[in-house]
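Listing of coords-v1.pdb; format and content: PDB, C-alpha atoms.
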```
ATOM      1  CA  MET A   1       0.000   0.000   0.000
ATOM      2  CA  PRO A   2       1.345   3.496  -0.796
ATOM      3  CA  ALA A   3       2.434   5.647   2.107
ATOM      4  CA  PRO A   4      -0.238   8.068   3.390
ATOM      5  CA  ARG A   5      -0.221  11.496   1.802
ATOM      6  CA  VAL A   6       2.090  14.156   3.219
ATOM      7  CA  HIS A   7       0.076  16.880   4.972
ATOM      8  CA  THR A   8       1.077  20.513   4.614
ATOM      9  CA  LEU A   9       0.392  23.413   6.978
ATOM     10  CA  LEU A  10       0.970  27.122   6.524
ATOM     11  CA  ASP A  11       2.715  28.800   9.447
ATOM     12  CA  ASP A  12       4.023  32.390   9.381
ATOM     13  CA  GLY A  13       5.198  32.273   5.776
ATOM     14  CA  ARG A  14       6.617  28.736   5.978
ATOM     15  CA  LEU A  15       5.225  25.479   4.677
ATOM     16  CA  LEU A  16       5.400  22.706   7.279
ATOM     17  CA  ALA A  17       5.270  19.166   5.899
ATOM     18  CA  PHE A  18       4.106  16.261   8.059
ATOM     19  CA  ALA A  19       5.020  12.861   6.651
ATOM     20  CA  PRO A  20       3.538  10.013   8.712
ATOM     21  CA  THR A  21       6.367   8.357  10.612
ATOM     22  CA  GLY A  22       5.046   6.462  13.625
ATOM     23  CA  PRO A  23       2.623   6.312  16.570
ATOM     24  CA  PRO A  24       1.490   9.431  18.438
ATOM     25  CA  ARG A  25       3.362  10.317  21.591
ATOM     26  CA  GLU A  26       1.999   8.838  24.796
ATOM     27  CA  ASN A  27       1.156  12.232  26.261
ATOM     28  CA  GLY A  28      -0.853  13.187  23.206
ATOM     29  CA  GLU A  29       1.538  15.822  21.867
ATOM     30  CA  PRO A  30       1.398  16.312  18.097
ATOM     31  CA  VAL A  31       4.013  14.861  15.787
ATOM     32  CA  GLU A  32       6.735  17.244  14.637
ATOM     33  CA  PRO A  33       7.155  18.546  11.054
ATOM     34  CA  THR A  34       9.259  16.325   8.795
ATOM     35  CA  ALA A  35      10.346  19.216   6.568
ATOM     36  CA  ASN A  36       9.731  22.927   6.141
ATOM     37  CA  PHE A  37       9.949  25.276   3.172
ATOM     38  CA  PRO A  38      10.460  29.057   3.130
ATOM     39  CA  THR A  39       8.153  30.943   0.776
ATOM     40  CA  ALA A  40       8.009  34.237  -1.047
ATOM     41  CA  GLY A  41       4.819  36.247  -1.012
ATOM     42  CA  ARG A  42       1.757  35.196   0.912
ATOM     43  CA  PRO A  43       0.858  31.529   0.310
ATOM     44  CA  LEU A  44      -2.847  30.679   0.351
ATOM     45  CA  ARG A  45      -2.855  26.956  -0.506
ATOM     46  CA  ALA A  46       0.050  24.506  -0.545
ATOM     47  CA  ASP A  47       1.109  20.888  -0.897
ATOM     48  CA  THR A  48       4.370  18.956  -0.522
ATOM     49  CA  ALA A  49       5.877  16.438  -2.929
ATOM     50  CA  PRO A  50       5.812  12.810  -1.741
ATOM     51  CA  ASP A  51       9.627  12.721  -1.627
ATOM     52  CA  LEU A  52       9.716  15.977   0.431
ATOM     53  CA  ARG A  53      12.167  17.579  -2.017
ATOM     54  CA  GLY A  54       9.772  20.268  -3.204
ATOM     55  CA  ALA A  55       6.497  21.999  -2.498
ATOM     56  CA  VAL A  56       3.934  23.934  -4.496
ATOM     57  CA  TYR A  57       1.890  26.855  -3.253
ATOM     58  CA  THR A  58      -0.493  29.437  -4.625
ATOM     59  CA  THR A  59      -0.514  33.134  -3.867
ATOM     60  CA  ARG A  60      -3.009  35.692  -5.081
ATOM     61  CA  ASP A  61      -1.270  35.851  -8.471
ATOM     62  CA  GLU A  62       0.743  32.691  -9.140
ATOM     63  CA  LEU A  63       1.502  29.029  -8.573
ATOM     64  CA  VAL A  64       5.057  28.382  -7.366
ATOM     65  CA  HIS A  65       7.116  25.171  -7.182
ATOM     66  CA  ALA A  66      10.048  25.579  -4.782
ATOM     67  CA  ARG A  67      12.802  23.443  -3.230
ATOM     68  CA  ARG A  68      13.421  23.046   0.492
ATOM     69  CA  ASP A  69      16.058  25.801   0.387
ATOM     70  CA  GLY A  70      13.504  28.204  -1.128
ATOM     71  CA  ASP A  71      14.902  28.143  -4.673
ATOM     72  CA  VAL A  72      12.067  28.357  -7.193
ATOM     73  CA  LEU A  73      11.921  25.641  -9.864
ATOM     74  CA  TRP A  74       9.119  27.274 -11.825
ATOM     75  CA  ARG A  75       6.236  29.712 -11.566
ATOM     76  CA  MET A  76       2.896  29.904 -13.317
ATOM     77  CA  ALA A  77       0.924  33.136 -13.523
ATOM     78  CA  LEU A  78      -2.691  32.503 -12.539
ATOM     79  CA  GLY A  79      -4.206  35.459 -14.375
ATOM     80  CA  SER A  80      -5.741  38.761 -13.363
ATOM     81  CA  SER A  81      -8.697  38.176 -11.071
ATOM     82  CA  ASP A  82     -11.538  40.696 -11.053
ATOM     83  CA  ASP A  83     -12.785  39.222  -7.772
ATOM     84  CA  HIS A  84     -11.416  39.251  -4.226
ATOM     85  CA  VAL A  85      -8.841  36.484  -3.768
ATOM     86  CA  GLY A  86      -8.459  35.132  -0.247
ATOM     87  CA  PRO A  87      -8.223  31.825   1.610
ATOM     88  CA  SER A  88     -11.784  30.852   0.657
ATOM     89  CA  ARG A  89     -11.655  32.086  -2.940
ATOM     90  CA  CYS A  90      -8.266  31.244  -4.421
ATOM     91  CA  ALA A  91      -6.476  28.673  -6.554
ATOM     92  CA  ALA A  92      -5.688  25.319  -4.899
ATOM     93  CA  CYS A  93      -2.930  22.830  -5.746
ATOM     94  CA  ALA A  94      -1.824  19.280  -4.964
ATOM     95  CA  PHE A  95       0.829  16.797  -6.065
ATOM     96  CA  SER A  96      -0.199  13.462  -7.514
ATOM     97  CA  ARG A  97       0.788  10.647  -5.182
ATOM     98  CA  ASP A  98       3.641   9.606  -7.484
ATOM     99  CA  GLY A  99       4.937  13.201  -7.537
ATOM    100  CA  ARG A 100       4.866  13.527 -11.325
ATOM    101  CA  VAL A 101       1.850  15.814 -11.676
ATOM    102  CA  VAL A 102       0.672  18.986  -9.985
ATOM    103  CA  TRP A 103      -3.099  19.402  -9.957
ATOM    104  CA  LEU A 104      -4.430  22.963  -9.997
ATOM    105  CA  HIS A 105      -7.986  24.179  -9.441
ATOM    106  CA  ARG A 106      -8.244  27.715 -10.819
ATOM    107  CA  PRO A 107     -11.438  29.706 -10.094
ATOM    108  CA  GLY A 108     -13.225  31.356 -13.000
ATOM    109  CA  PRO A 109     -12.518  35.018 -12.063
ATOM    110  CA  TYR A 110      -8.845  34.499 -12.954
ATOM    111  CA  PHE A 111      -9.988  34.297 -16.577
ATOM    112  CA  GLY A 112     -12.269  37.345 -16.494
ATOM    113  CA  SER A 113     -15.823  38.219 -15.568
ATOM    114  CA  GLY A 114     -18.275  35.356 -16.046
ATOM    115  CA  ALA A 115     -15.589  32.750 -16.799
ATOM    116  CA  THR A 116     -15.896  29.215 -15.434
ATOM    117  CA  ASP A 117     -13.575  27.278 -13.128
ATOM    118  CA  ARG A 118     -10.912  25.003 -14.601
ATOM    119  CA  LEU A 119      -8.902  21.995 -13.501
ATOM    120  CA  HIS A 120      -5.314  21.728 -14.775
ATOM    121  CA  ALA A 121      -2.780  18.916 -14.719
ATOM    122  CA  LEU A 122       0.810  20.210 -14.888
ATOM    123  CA  ASP A 123       4.172  18.492 -15.277
ATOM    124  CA  ALA A 124       5.689  18.733 -11.792
ATOM    125  CA  ALA A 125       9.246  18.970 -13.144
ATOM    126  CA  THR A 126       8.672  21.802 -15.635
ATOM    127  CA  GLY A 127       5.300  23.409 -14.908
ATOM    128  CA  ALA A 128       4.099  22.690 -18.441
ATOM    129  CA  VAL A 129       0.324  22.224 -18.741
ATOM    130  CA  LEU A 130      -0.350  18.596 -19.661
ATOM    131  CA  ALA A 131      -4.123  18.926 -19.881
ATOM    132  CA  TRP A 132      -7.010  20.998 -18.558
ATOM    133  CA  THR A 133     -10.790  20.931 -18.505
ATOM    134  CA  ASP A 134     -13.641  23.352 -17.869
ATOM    135  CA  LEU A 135     -15.734  22.558 -14.781
ATOM    136  CA  GLY A 136     -18.886  24.259 -16.028
ATOM    137  CA  ARG A 137     -19.422  26.877 -13.308
ATOM    138  CA  GLY A 138     -17.600  30.012 -12.234
ATOM    139  CA  ASN A 139     -18.885  30.570  -8.719
ATOM    140  CA  TYR A 140     -17.237  27.878  -6.597
ATOM    141  CA  TRP A 141     -15.379  28.444  -3.372
ATOM    142  CA  THR A 142     -11.777  27.169  -3.201
ATOM    143  CA  GLY A 143     -11.641  23.465  -3.988
ATOM    144  CA  THR A 144     -10.409  20.564  -1.876
ATOM    145  CA  LEU A 145      -8.086  18.217  -3.775
ATOM    146  CA  HIS A 146      -7.486  14.586  -2.786
ATOM    147  CA  PRO A 147      -4.989  12.764  -5.048
ATOM    148  CA  HIS A 148      -5.548   9.024  -5.333
ATOM    149  CA  PRO A 149      -2.604   6.701  -4.566
ATOM    150  CA  ASP A 150      -2.818   5.198  -8.075
ATOM    151  CA  GLY A 151      -1.117   8.379  -9.361
ATOM    152  CA  GLU A 152      -3.783   8.932 -12.041
ATOM    153  CA  HIS A 153      -6.965   9.951 -10.231
ATOM    154  CA  LEU A 154      -7.942  13.037  -8.268
ATOM    155  CA  LEU A 155     -11.041  13.705  -6.184
ATOM    156  CA  LEU A 156     -12.127  17.346  -6.245
ATOM    157  CA  GLY A 157     -14.754  18.836  -3.953
ATOM    158  CA  LEU A 158     -16.268  22.191  -4.924
ATOM    159  CA  SER A 159     -18.933  24.168  -3.046
ATOM    160  CA  PRO A 160     -21.083  26.511  -5.180
ATOM    161  CA  MET A 161     -21.318  29.985  -3.686
ATOM    162  CA  ASP A 162     -25.027  30.352  -4.487
ATOM    163  CA  VAL A 163     -26.510  27.022  -3.287
ATOM    164  CA  THR A 164     -26.044  24.472  -0.508
ATOM    165  CA  GLY A 165     -24.338  21.149  -1.041
ATOM    166  CA  GLU A 166     -21.068  20.370  -2.749
ATOM    167  CA  HIS A 167     -20.181  18.971  -6.144
ATOM    168  CA  VAL A 168     -17.683  16.115  -6.072
ATOM    169  CA  PHE A 169     -15.666  15.259  -9.190
ATOM    170  CA  ARG A 170     -13.435  12.321 -10.122
ATOM    171  CA  ALA A 171     -10.657  13.311 -12.517
ATOM    172  CA  ARG A 172      -8.216  11.025 -14.294
ATOM    173  CA  LEU A 173      -5.091  11.904 -16.256
ATOM    174  CA  ARG A 174      -4.526   8.957 -18.558
ATOM    175  CA  VAL A 175      -1.124   7.794 -19.754
ATOM    176  CA  ASP A 176      -2.006   9.077 -23.254
ATOM    177  CA  GLY A 177      -2.297  12.614 -21.828
ATOM    178  CA  SER A 178      -6.090  12.890 -21.944
ATOM    179  CA  LEU A 179      -7.953  14.282 -18.938
ATOM    180  CA  THR A 180     -11.419  13.010 -18.071
ATOM    181  CA  VAL A 181     -13.658  14.425 -15.332
ATOM    182  CA  VAL A 182     -16.844  12.837 -13.996
ATOM    183  CA  ARG A 183     -19.181  14.517 -11.508
ATOM    184  CA  TYR A 184     -20.730  12.192  -8.929
ATOM    185  CA  GLY A 185     -24.512  12.064  -8.661
ATOM    186  CA  PHE A 186     -24.584  12.921  -4.948
ATOM    187  CA  GLU A 187     -24.148  16.400  -3.454
ATOM    188  CA  SER A 188     -22.095  16.056  -0.286
ATOM    189  CA  LEU A 189     -19.130  17.740   1.347
ATOM    190  CA  LEU A 190     -15.951  15.815   0.499
ATOM    191  CA  HIS A 191     -13.864  15.240   3.618
ATOM    192  CA  GLY A 192     -11.193  12.756   2.636
ATOM    193  CA  LEU A 193      -9.839   9.762   0.814
ATOM    194  CA  SER A 194      -8.430   6.722   2.606
ATOM    195  CA  PRO A 195      -4.645   6.192   2.335
ATOM    196  CA  ASP A 196      -5.110   3.146   0.099
ATOM    197  CA  GLY A 197      -7.789   4.844  -2.017
ATOM    198  CA  ARG A 198     -10.593   2.370  -1.227
ATOM    199  CA  PHE A 199     -12.945   4.785   0.554
ATOM    200  CA  LEU A 200     -13.995   8.407   0.420
ATOM    201  CA  ALA A 201     -15.757  10.193   3.272
ATOM    202  CA  THR A 202     -18.510  12.756   2.742
ATOM    203  CA  ALA A 203     -20.733  14.797   5.043
ATOM    204  CA  GLU A 204     -24.444  15.147   4.389
ATOM    205  CA  ASP A 205     -26.950  17.958   5.016
ATOM    206  CA  ASP A 206     -28.498  15.996   7.908
ATOM    207  CA  ASP A 207     -25.134  16.083   9.761
ATOM    208  CA  SER A 208     -24.402  12.431   9.064
ATOM    209  CA  VAL A 209     -21.137  11.113   7.598
ATOM    210  CA  THR A 210     -21.153   8.666   4.689
ATOM    211  CA  PHE A 211     -18.341   6.354   3.607
ATOM    212  CA  ARG A 212     -18.331   5.446  -0.075
ATOM    213  CA  ALA A 213     -16.338   3.013  -2.193
ATOM    214  CA  PHE A 214     -13.942   4.357  -4.807
ATOM    215  CA  PRO A 215     -14.321   4.824  -7.737
ATOM    216  CA  HIS A 216     -18.113   4.795  -8.171
ATOM    217  CA  GLY A 217     -19.146   6.313  -4.845
ATOM    218  CA  THR A 218     -21.328   3.394  -3.738
ATOM    219  CA  VAL A 219     -22.320   3.790  -0.076
ATOM    220  CA  THR A 220     -20.555   1.342   2.264
ATOM    221  CA  SER A 221     -21.753   2.800   5.584
ATOM    222  CA  ARG A 222     -23.250   5.871   7.208
ATOM    223  CA  VAL A 223     -23.046   7.196  10.780
ATOM    224  CA  THR A 224     -25.407   9.667  12.441
ATOM    225  CA  ILE A 225     -25.335  11.486  15.746
ATOM    226  CA  GLY A 226     -27.337   8.655  17.315
ATOM    227  CA  ASP A 227     -24.639   6.082  16.568
ATOM    228  CA  PHE A 228     -22.322   7.633  19.152
ATOM    229  CA  GLY A 229     -24.564   6.928  22.149
ATOM    230  CA  TYR A 230     -25.883  10.409  22.893
ATOM    231  CA  ASP A 231     -29.425  10.269  24.273
ATOM    232  CA  GLU A 232     -32.292  12.429  23.045
ATOM    233  CA  ALA A 233     -32.096  14.735  26.053
ATOM    234  CA  PHE A 234     -28.441  15.504  25.313
ATOM    235  CA  VAL A 235     -29.196  16.263  21.666
ATOM    236  CA  ARG A 236     -32.135  18.522  22.614
ATOM    237  CA  GLU A 237     -29.886  20.395  25.059
ATOM    238  CA  HIS A 238     -27.458  21.207  22.258
ATOM    239  CA  ASP A 239     -30.259  21.923  19.774
ATOM    240  CA  LEU A 240     -29.448  21.873  16.046
ATOM    241  CA  GLY A 241     -25.817  22.847  16.464
ATOM    242  CA  ILE A 242     -24.635  19.361  17.292
ATOM    243  CA  GLY A 243     -23.697  17.015  14.474
ATOM    244  CA  CYS A 244     -20.992  15.001  12.727
ATOM    245  CA  HIS A 245     -19.021  17.858  11.210
ATOM    246  CA  THR A 246     -15.752  16.397   9.900
ATOM    247  CA  ALA A 247     -14.247  13.021   9.043
ATOM    248  CA  GLY A 248     -10.626  12.197   8.308
ATOM    249  CA  PHE A 249      -8.982   8.833   7.713
ATOM    250  CA  LEU A 250      -6.897   7.641  10.637
ATOM    251  CA  ASP A 251      -5.618   4.706   8.569
ATOM    252  CA  ALA A 252      -6.758   2.599   5.622
ATOM    253  CA  ASP A 253      -9.693   1.087   7.520
ATOM    254  CA  THR A 254     -10.817   3.673  10.071
ATOM    255  CA  ALA A 255     -11.702   7.350  10.226
ATOM    256  CA  VAL A 256     -12.028   9.917  13.003
ATOM    257  CA  VAL A 257     -15.462  11.553  13.016
ATOM    258  CA  ASP A 258     -15.634  14.871  14.838
ATOM    259  CA  VAL A 259     -18.906  15.485  16.707
ATOM    260  CA  HIS A 260     -19.288  18.996  18.040
ATOM    261  CA  ASP A 261     -21.732  21.770  18.843
ATOM    262  CA  ASP A 262     -21.366  24.887  16.715
ATOM    263  CA  TYR A 263     -23.729  27.099  18.707
ATOM    264  CA  GLY A 264     -23.922  25.740  22.251
ATOM    265  CA  GLU A 265     -21.358  25.154  24.972
ATOM    266  CA  GLY A 266     -18.371  24.023  22.938
ATOM    267  CA  PHE A 267     -19.028  20.273  23.104
ATOM    268  CA  HIS A 268     -16.434  18.348  21.049
ATOM    269  CA  GLU A 269     -15.596  14.629  20.788
ATOM    270  CA  ASN A 270     -13.561  12.594  18.302
ATOM    271  CA  HIS A 271     -14.781   9.062  17.572
ATOM    272  CA  VAL A 272     -13.049   6.317  15.585
ATOM    273  CA  VAL A 273     -15.302   4.617  13.014
ATOM    274  CA  GLU A 274     -14.762   1.607  10.752
ATOM    275  CA  ALA A 275     -15.330   2.826   7.201
ATOM    276  CA  ALA A 276     -16.548  -0.454   5.707
ATOM    277  CA  THR A 277     -19.247  -1.066   8.331
ATOM    278  CA  GLY A 278     -19.871   2.209  10.178
ATOM    279  CA  ARG A 279     -19.064   0.465  13.477
ATOM    280  CA  VAL A 280     -18.045   2.951  16.192
ATOM    281  CA  LEU A 281     -14.804   1.723  17.786
ATOM    282  CA  GLY A 282     -14.483   4.353  20.528
ATOM    283  CA  PRO A 283     -13.019   7.830  21.101
ATOM    284  CA  LEU A 284      -9.463   9.011  20.629
ATOM    285  CA  PRO A 285      -7.454   8.640  23.860
ATOM    286  CA  GLY A 286      -7.069  11.198  26.625
ATOM    287  CA  ALA A 287      -7.258  14.890  25.866
ATOM    288  CA  CYS A 288      -7.186  14.123  22.128
ATOM    289  CA  ARG A 289     -10.814  13.091  22.489
ATOM    290  CA  HIS A 290     -11.803  16.758  22.803
ATOM    291  CA  ARG A 291      -9.202  18.538  20.624
ATOM    292  CA  ASN A 292      -9.206  19.688  17.021
ATOM    293  CA  VAL A 293      -6.963  17.142  15.346
ATOM    294  CA  GLN A 294      -5.705  16.462  11.831
ATOM    295  CA  VAL A 295      -5.265  12.754  11.231
ATOM    296  CA  LEU A 296      -2.358  11.760   8.990
ATOM    297  CA  GLY A 297      -3.450   8.386   7.666
ATOM    298  CA  ASP A 298      -1.060   6.047   9.492
ATOM    299  CA  GLY A 299      -2.669   6.139  12.935
ATOM    300  CA  THR A 300      -1.038   9.446  13.914
ATOM    301  CA  TRP A 301      -2.463  12.923  14.232
ATOM    302  CA  LEU A 302      -1.504  16.499  14.996
ATOM    303  CA  PHE A 303      -3.397  19.277  16.738
ATOM    304  CA  GLN A 304      -4.798  21.961  14.468
ATOM    305  CA  ASP A 305      -3.200  24.954  16.136
ATOM    306  CA  ARG A 306      -1.742  26.005  12.792
ATOM    307  CA  ARG A 307      -3.447  26.838   9.538
ATOM    308  CA  HIS A 308      -4.061  23.722   7.483
ATOM    309  CA  SER A 309      -3.719  23.512   3.726
ATOM    310  CA  GLY A 310      -4.430  20.253   2.124
TER     311      GLY A 310
END
```
Go ahead and express the file in the form of structure tokens.
Amino acid sequence: MPAPRVHTLLDDGRLLAFAPTGPPRENGEPVEPTANFPTAGRPLRADTAPDLRGAVYTTRDELVHARRDGDVLWRMALGSSDDHVGPSRCAACAFSRDGRVVWLHRPGPYFGSGATDRLHALDAATGAVLAWTDLGRGNYWTGTLHPHPDGEHLLLGLSPMDVTGEHVFRARLRVDGSLTVVRYGFESLLHGLSPDGRFLATAEDDDSVTFRAFPHGTVTSRVTIGDFGYDEAFVREHDLGIGCHTAGFLDADTAVVDVHDDYGEGFHENHVVEAATGRVLGPLPGACRHRNVQVLGDGTWLFQDRRHSG
């Protein structure tokens, strides 16, 4: 099975790369960065190459591929946006899991008023555009990109600015250079892809979390707030703010589902769930049960006290 994806955080102008390396510390402290990269400008989205030798990041105006010493391998101008560009409305990037391709989601405003969003596949070594496709709308928020470990596929989650729900796409860059994109029939928030690529996790409007099989999105299991043992009185106390809000893969078979209350008294618990069956295995240990954590895919996690980009 391929190694879990490297996770990248933005911290005071640096990119911090976390490559899964082993079990969490006994006292629950987060794992330390495996590598860090200085940047120029103000990075908005970033990702690190699987071999940790380079990283890509987007600013307001460009996509940059840089080495660990900060030297720039190549740059790509994103275009002149006629819309505000910020963390929630900017270009997003990710390496393929074999490190050969850089995926780029570029919002429509970079191409002018009324233009639609595009997905690009670039040669990671040179920055040359290998293929691109139009995504049909120009009013999406910044996309979430989840490269598949097969090196060819990408899952892309895009939230329209004018309606609820999210559009989830499956892209494939074939060996002949052609790029195909298929939109799934469900409208759910894409949370993650398992390290081995077997499952994807989505969140639904009713605050449930659904696990689906790759590539077709067939439902394998679903968990709701009731599956975690909270009684009706507890749910009524926290009103509509309580729900299953995030899900990230702890390893190839299990995910951490975050249950918290957005509007009440700050209730927060992290539960481990088996993706194939929806069976609740129990909470994360100790203080980690109630902390914001980013799971790394090999059984480890880090606390989200820095800005995440992934």
On this file, the PyMOL selection byres ((chain A and resi 200) around 6) gives some set of residues; write that set as a ChimeraX atom specification.
-> /A:192-193,199,201,211-212
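Distances from A:Glu187, A:His216, A:Val209, A:Tyr140 to A:Thr246 were compared using only C-alpha atoms, and the smallest one belongs to A:Val209.
Minimum distance to A:Gly165 across A:Thr254, A:Arg183, A:Glu152, A:Leu189 (counting all atoms listed in the file) occurs at A:Leu189.
Note on the selection: in this file the PyMOL selection byres ((chain A and resi 40-55) around 6) comes out as Thr8, Thr39, Val56, Tyr57, Thr58, Thr59, His65, Ala66, Arg67, Arg68, Pro87, Ala92, Ala94, Phe95, Gly99 and Ser309 of chain A.
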Applied to the shown file, which residues does the PyMOL selection byres ((chain A and resi 178) around 10) return, written as a short mmCIF file (atom, residue, chain, number, x, y, z; two decimals) with C-alpha atoms, in the frame of the given file?
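Once written, out-v2.cif looks like this:
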```cif
data_model
loop_
_atom_site.label_atom_id
_atom_site.label_comp_id
_atom_site.auth_asym_id
_atom_site.auth_seq_id
_atom_site.Cartn_x
_atom_site.Cartn_y
_atom_site.Cartn_z
CA ALA A 121 -2.78 18.92 -14.72
CA LEU A 130 -0.35 18.60 -19.66
CA ALA A 131 -4.12 18.93 -19.88
CA TRP A 132 -7.01 21.00 -18.56
CA THR A 133 -10.79 20.93 -18.50
CA ARG A 172 -8.22 11.02 -14.29
CA LEU A 173 -5.09 11.90 -16.26
CA ARG A 174 -4.53 8.96 -18.56
CA VAL A 175 -1.12 7.79 -19.75
CA ASP A 176 -2.01 9.08 -23.25
CA GLY A 177 -2.30 12.61 -21.83
CA LEU A 179 -7.95 14.28 -18.94
CA THR A 180 -11.42 13.01 -18.07
#
```
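When atom CA of A:Ala255 is paired with atom CA of A:Leu135, their separation reads 29.5 Å.
Nearest to A:Pro215 of all the residues A:Val168, A:Ala35, A:Leu73, A:Val273 is A:Val168, based on all atoms listed in the file.
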